[in-house]
Amino acid sequence: MNLNLPKKATLIEVGPRDGFQFEKKMIPANLKVEIISGLVDAGLKDIQVTSFVHPDVVPQMSDAEDLLKRLPKKRDVRFSALVLNEKGVERAYLSGLKHIEISLSASDTHSRKNAGMPFEKALEKGKDMIRLAQEYNMEIRAGIQCAFGCVYEDRISEERVLKIAADFLKMGIQTLAISDTTGMANPLSIKNLLKKLMPKVGNTPVVLHFHDTRGLGLVNVIAAMECGVTRFDTALAGMGGCPFVSGAAGNIATEDTAWLMKSLNIETGVNISKVAKCSQKIEDFFKKKFPGKMHRLIMGKNHQPIP
């Protein structure tokens with residue numbers, strides 16, 4: 001089988017935000033710093049570390065400003081955060097953060113449940129956030145949730161996703177993220193959308209964000225790479241989910257994705273064993289197993305470390 005795959009790929013670690021905020025047990029700031037520092041040491045250069053959201057809504061992220069002050073200072077590592085409104089943009093700017101993500105749902109029902117507003121209003125609010133972040137000279141990643149389907153509305157039209165993407169690109173964002181929030185994507189739907197999207201993005205990088213709800217996460221990664229995508233969100237141990245989607249699974253695991261890349265001779269620069277140690281610490285803290293596979297295999301007594 002002749003796969004058209006890249007020589008290099010970038011894994012963007014979202015566990016400290018997307019994974020941590022899904023957990024109800026409060027994670028102390030010192031453990032967050034320890035895990036993020038460990039991920040940096042493992043070679044991850046792009047890490048989403050927190051979100052700026054009202055602490056009453058997501059208590060796990062209430063330490064955003066304090067956390068950013070305590071993170072290791074690395075010139076070649078980019079820390080970013082999710083912002084949900086203009087207040088969040090201001091908080092991120094005042095904290096000294098240079099990289100933010102704004103994200104909205106292509107599903108009207110999911111938007112109402114997740115953001116508390118209909119799709120059209122959320123889109124206008126998203127544009128307002130982009131304009132404000134541009135005034136602050138911040139780098140903006142704009143994300144589209146539920147791009148491959150919604151458990152409430154089933155299929156989401158490709159035309160809507162492409163229109164949102166076109167609006168974002170026209171505004172001059174730095175990165176476009178396409179998210180399979182409900183884990184409904186499959187290789188065919190990915191290729192159908194990317195075939196239409198990729199010719200329109202120019203030099204703007206595209207990131208794919210997959211959840212492994214139906215077990216197709218890594219298969220979908222291969223399909224996206226065949227279409228020219230080389231950047232993927234991952235979460236240590238496969239943490240994460242969506243509180244507004246019943247049965248939603250976590251993100252594709254960082255270790256599992258890095259191992260897939262390694263098996264295909266695709267360079268990521270990620271030390272899988274070092275990420276697995278971070279995942280082990282998280283499982284020890286929560287006293288439960290997360291859905292990723294490679295971290296437990298690697299940390300087993302009879303296995304040698306994997307670089």
# chains A, B, ... in the order shown; residues from 1 in each chain; ligands from 1
call {"tool": "residues_around", "arguments": {"residues": "Ser105 of chain A", "least_positions_apart": "2", "cutoff": "10 Å", "atoms": "only C-alpha atoms", "output": "PDB file with C-alpha atoms, in the first residue's frame"}}
result
ATOM      1  CA  SER A 103     -13.344  28.119  19.063  1.00  0.00           C
ATOM      2  CA  SER A 107     -23.678  22.926  15.263  1.00  0.00           C
ATOM      3  CA  ASP A 108     -26.369  25.326  16.454  1.00  0.00           C
ATOM      4  CA  THR A 109     -27.592  22.932  19.158  1.00  0.00           C
ATOM      5  CA  HIS A 110     -24.103  22.181  20.455  1.00  0.00           C
ATOM      6  CA  SER A 111     -23.317  25.907  20.399  1.00  0.00           C
ATOM      7  CA  ARG A 112     -26.361  26.638  22.565  1.00  0.00           C
ATOM      8  CA  ASN A 114     -21.591  24.672  25.024  1.00  0.00           C
ATOM      9  CA  ALA A 115     -21.497  28.464  24.610  1.00  0.00           C
ATOM     10  CA  PRO A 118     -26.967  30.172  18.850  1.00  0.00           C
ATOM     11  CA  PHE A 119     -24.433  29.570  16.109  1.00  0.00           C
ATOM     12  CA  GLU A 120     -24.847  32.909  14.329  1.00  0.00           C
ATOM     13  CA  ALA A 122     -21.346  32.748  18.510  1.00  0.00           C
ATOM     14  CA  LEU A 123     -19.771  33.403  15.108  1.00  0.00           C
ATOM     15  CA  GLY A 143     -11.227  26.447  15.770  1.00  0.00           C
ATOM     16  CA  ILE A 144     -14.400  24.928  14.331  1.00  0.00           C
ATOM     17  CA  GLN A 145     -16.066  22.357  16.601  1.00  0.00           C
ATOM     18  CA  CYS A 146     -18.371  19.529  15.447  1.00  0.00           C
ATOM     19  CA  ALA A 147     -16.990  19.884  11.924  1.00  0.00           C
ATOM     20  CA  CYS A 150     -23.050  16.410  15.910  1.00  0.00           C
ATOM     21  CA  VAL A 161     -17.744  24.451   7.833  1.00  0.00           C
ATOM     22  CA  ILE A 164     -16.764  29.524   8.749  1.00  0.00           C
ATOM     23  CA  SER A 179     -12.360  19.547  15.434  1.00  0.00           C
ATOM     24  CA  THR A 181     -15.748  17.107  18.857  1.00  0.00           C
TER      25      THR A 181
END
call {"tool": "select_by_dssp", "arguments": {"residues": "segment 37-265 of chain A", "states": "strand (DSSP E)", "output": "PyMOL selection string"}}
result
chain A and resi 46-52+78-83+99-105+139-145+175-180+206-210+231-234
call {"tool": "select_by_dssp", "arguments": {"residues": "segment 54-206 of chain A", "states": "helix (DSSP H, G or I)", "output": "PyMOL selection string"}}
result
chain A and resi 59-61+64-70+86-94+108-114+119-135+158-170+187-200
call {"tool": "closest_residue", "arguments": {"among": "A:Leu31, A:Leu5, A:Val201, A:Leu67", "to": "Ser279 of chain A", "atoms": "only C-alpha atoms"}}
result
A:Leu31
call {"tool": "residues_around", "arguments": {"residues": "Asn251 of chain A", "least_positions_apart": "6", "cutoff": "9 Å", "atoms": "only C-alpha atoms", "output": "PyMOL selection string"}}
result
chain A and resi 14-15+18-19+209-213+217+233-241+292
call {"tool": "write_last_selection", "arguments": {"atoms": "N, CA and C atoms", "output": "PDB file, in the first residue's frame"}}
result
ATOM      1  N   VAL A  14      -2.732  19.117  24.181  1.00  0.00           N
ATOM      2  CA  VAL A  14      -3.860  19.866  24.732  1.00  0.00           C
ATOM      3  C   VAL A  14      -4.356  19.294  26.063  1.00  0.00           C
ATOM      4  N   GLY A  15      -3.675  18.276  26.563  1.00  0.00           N
ATOM      5  CA  GLY A  15      -4.105  17.645  27.811  1.00  0.00           C
ATOM      6  C   GLY A  15      -4.230  18.585  28.998  1.00  0.00           C
ATOM      7  N   ASP A  18      -7.633  20.742  27.704  1.00  0.00           N
ATOM      8  CA  ASP A  18      -8.785  19.937  27.315  1.00  0.00           C
ATOM      9  C   ASP A  18      -8.952  18.729  28.232  1.00  0.00           C
ATOM     10  N   GLY A  19      -7.840  18.156  28.667  1.00  0.00           N
ATOM     11  CA  GLY A  19      -7.907  16.991  29.544  1.00  0.00           C
ATOM     12  C   GLY A  19      -8.205  17.355  30.987  1.00  0.00           C
ATOM     13  N   HIS A 209      -8.215  18.059  15.196  1.00  0.00           N
ATOM     14  CA  HIS A 209      -8.458  17.723  16.593  1.00  0.00           C
ATOM     15  C   HIS A 209      -9.446  16.563  16.624  1.00  0.00           C
ATOM     16  N   PHE A 210      -8.967  15.362  16.972  1.00  0.00           N
ATOM     17  CA  PHE A 210      -9.803  14.167  16.932  1.00  0.00           C
ATOM     18  C   PHE A 210     -10.101  13.638  18.329  1.00  0.00           C
ATOM     19  N   HIS A 211     -11.357  13.233  18.531  1.00  0.00           N
ATOM     20  CA  HIS A 211     -11.723  12.455  19.713  1.00  0.00           C
ATOM     21  C   HIS A 211     -11.926  11.011  19.276  1.00  0.00           C
ATOM     22  N   ASP A 212     -11.618  10.100  20.197  1.00  0.00           N
ATOM     23  CA  ASP A 212     -11.591   8.680  19.821  1.00  0.00           C
ATOM     24  C   ASP A 212     -12.862   7.950  20.238  1.00  0.00           C
ATOM     25  N   THR A 213     -13.984   8.634  20.181  1.00  0.00           N
ATOM     26  CA  THR A 213     -15.256   8.108  20.672  1.00  0.00           C
ATOM     27  C   THR A 213     -15.634   6.778  20.025  1.00  0.00           C
ATOM     28  N   GLY A 217      -9.842   7.295  15.857  1.00  0.00           N
ATOM     29  CA  GLY A 217      -8.951   8.441  15.968  1.00  0.00           C
ATOM     30  C   GLY A 217      -7.680   8.340  15.157  1.00  0.00           C
ATOM     31  N   ASP A 233      -3.789  17.806  17.311  1.00  0.00           N
ATOM     32  CA  ASP A 233      -3.938  17.917  18.756  1.00  0.00           C
ATOM     33  C   ASP A 233      -3.934  16.520  19.360  1.00  0.00           C
ATOM     34  N   THR A 234      -3.229  16.375  20.470  1.00  0.00           N
ATOM     35  CA  THR A 234      -3.233  15.120  21.214  1.00  0.00           C
ATOM     36  C   THR A 234      -3.246  15.444  22.705  1.00  0.00           C
ATOM     37  N   ALA A 235      -3.603  14.466  23.528  1.00  0.00           N
ATOM     38  CA  ALA A 235      -3.612  14.670  24.979  1.00  0.00           C
ATOM     39  C   ALA A 235      -2.944  13.478  25.660  1.00  0.00           C
ATOM     40  N   LEU A 236      -2.059  13.764  26.604  1.00  0.00           N
ATOM     41  CA  LEU A 236      -1.385  12.686  27.316  1.00  0.00           C
ATOM     42  C   LEU A 236      -2.423  11.703  27.876  1.00  0.00           C
ATOM     43  N   ALA A 237      -2.140  10.424  27.711  1.00  0.00           N
ATOM     44  CA  ALA A 237      -2.973   9.322  28.212  1.00  0.00           C
ATOM     45  C   ALA A 237      -4.358   9.254  27.578  1.00  0.00           C
ATOM     46  N   GLY A 238      -4.647  10.127  26.606  1.00  0.00           N
ATOM     47  CA  GLY A 238      -5.965  10.134  25.992  1.00  0.00           C
ATOM     48  C   GLY A 238      -7.007  10.829  26.856  1.00  0.00           C
ATOM     49  N   MET A 239      -6.563  11.823  27.629  1.00  0.00           N
ATOM     50  CA  MET A 239      -7.486  12.566  28.494  1.00  0.00           C
ATOM     51  C   MET A 239      -8.452  13.406  27.662  1.00  0.00           C
ATOM     52  N   GLY A 240      -9.506  13.888  28.331  1.00  0.00           N
ATOM     53  CA  GLY A 240     -10.404  14.845  27.701  1.00  0.00           C
ATOM     54  C   GLY A 240     -11.781  14.304  27.420  1.00  0.00           C
ATOM     55  N   GLY A 241     -12.545  15.081  26.668  1.00  0.00           N
ATOM     56  CA  GLY A 241     -13.926  14.745  26.359  1.00  0.00           C
ATOM     57  C   GLY A 241     -14.710  16.021  26.176  1.00  0.00           C
ATOM     58  N   GLY A 292      -5.827   5.993  26.791  1.00  0.00           N
ATOM     59  CA  GLY A 292      -4.640   5.740  25.983  1.00  0.00           C
ATOM     60  C   GLY A 292      -4.061   4.363  26.268  1.00  0.00           C
TER      61      GLY A 292
END
call {"tool": "residues_around", "arguments": {"residues": "Met26 of chain A", "least_positions_apart": "3", "cutoff": "8 Å", "atoms": "only C-alpha atoms", "output": "list of chain:residue names"}}
result
A:Glu23, A:Pro59, A:Gln60
call {"tool": "write_last_selection", "arguments": {"atoms": "all heavy atoms", "output": "CSV table (one decimal), in the first residue's frame"}}
result
chain,number,residue,atom,x,y,z
A,23,GLU,N,-11.9,17.0,34.2
A,23,GLU,CA,-11.9,16.3,35.5
A,23,GLU,C,-12.4,17.1,36.7
A,23,GLU,O,-12.1,18.3,36.7
A,23,GLU,CB,-10.4,15.8,35.8
A,23,GLU,CG,-9.8,14.9,34.8
A,23,GLU,CD,-10.6,13.6,34.7
A,23,GLU,OE1,-11.1,13.1,35.7
A,23,GLU,OE2,-10.6,13.1,33.5
A,59,PRO,N,-14.1,25.4,37.4
A,59,PRO,CA,-13.2,25.7,38.5
A,59,PRO,C,-11.7,25.2,38.3
A,59,PRO,O,-10.8,25.8,38.8
A,59,PRO,CB,-13.8,24.9,39.7
A,59,PRO,CG,-15.3,24.8,39.3
A,59,PRO,CD,-15.3,24.7,37.8
A,60,GLN,N,-11.6,24.2,37.5
A,60,GLN,CA,-10.3,23.6,37.3
A,60,GLN,C,-9.3,24.6,36.6
A,60,GLN,O,-8.1,24.5,36.8
A,60,GLN,CB,-10.4,22.4,36.4
A,60,GLN,CG,-9.2,21.5,36.3
A,60,GLN,CD,-8.9,20.7,37.6
A,60,GLN,OE1,-8.1,21.1,38.4
A,60,GLN,NE2,-9.6,19.6,37.7
call {"tool": "residues_around", "arguments": {"residues": "Gln280 of chain A", "least_positions_apart": "2", "cutoff": "12 Å", "atoms": "only C-alpha atoms", "output": "short mmCIF file (atom, residue, chain, number, x, y, z; two decimals) with C-alpha atoms, in the first residue's frame"}}
result
data_model
loop_
_atom_site.label_atom_id
_atom_site.label_comp_id
_atom_site.auth_asym_id
_atom_site.auth_seq_id
_atom_site.Cartn_x
_atom_site.Cartn_y
_atom_site.Cartn_z
CA ILE A 35 3.24 17.73 34.22
CA GLY A 38 7.59 17.05 31.88
CA LEU A 236 -1.39 12.69 27.32
CA ALA A 237 -2.97 9.32 28.21
CA GLY A 238 -5.97 10.13 25.99
CA GLU A 255 1.82 8.49 23.25
CA SER A 273 8.60 7.29 27.37
CA LYS A 274 8.86 10.74 28.96
CA VAL A 275 5.25 11.53 28.03
CA ALA A 276 4.23 8.15 29.47
CA LYS A 277 5.79 9.10 32.81
CA CYS A 278 3.62 12.21 32.89
CA ILE A 282 -1.84 11.72 36.25
CA GLU A 283 -3.31 8.23 36.63
CA ASP A 284 -1.73 7.92 40.08
CA PHE A 285 -3.23 11.26 41.11
CA PHE A 286 -6.74 10.49 39.87
CA LYS A 287 -6.48 6.82 40.85
CA LYS A 288 -8.00 5.73 37.57
CA LYS A 289 -7.01 4.64 34.07
CA PHE A 290 -7.33 6.86 31.04
CA GLY A 292 -4.64 5.74 25.98
CA LYS A 293 -2.79 2.48 25.47
CA MET A 294 0.93 3.05 24.93
CA HIS A 295 1.66 4.76 28.25
CA ARG A 296 0.71 1.67 30.25
CA LEU A 297 2.60 -0.62 27.89
CA ILE A 298 5.69 1.58 28.13
CA MET A 299 5.55 1.87 31.91
CA GLY A 300 5.21 -1.90 32.30
#
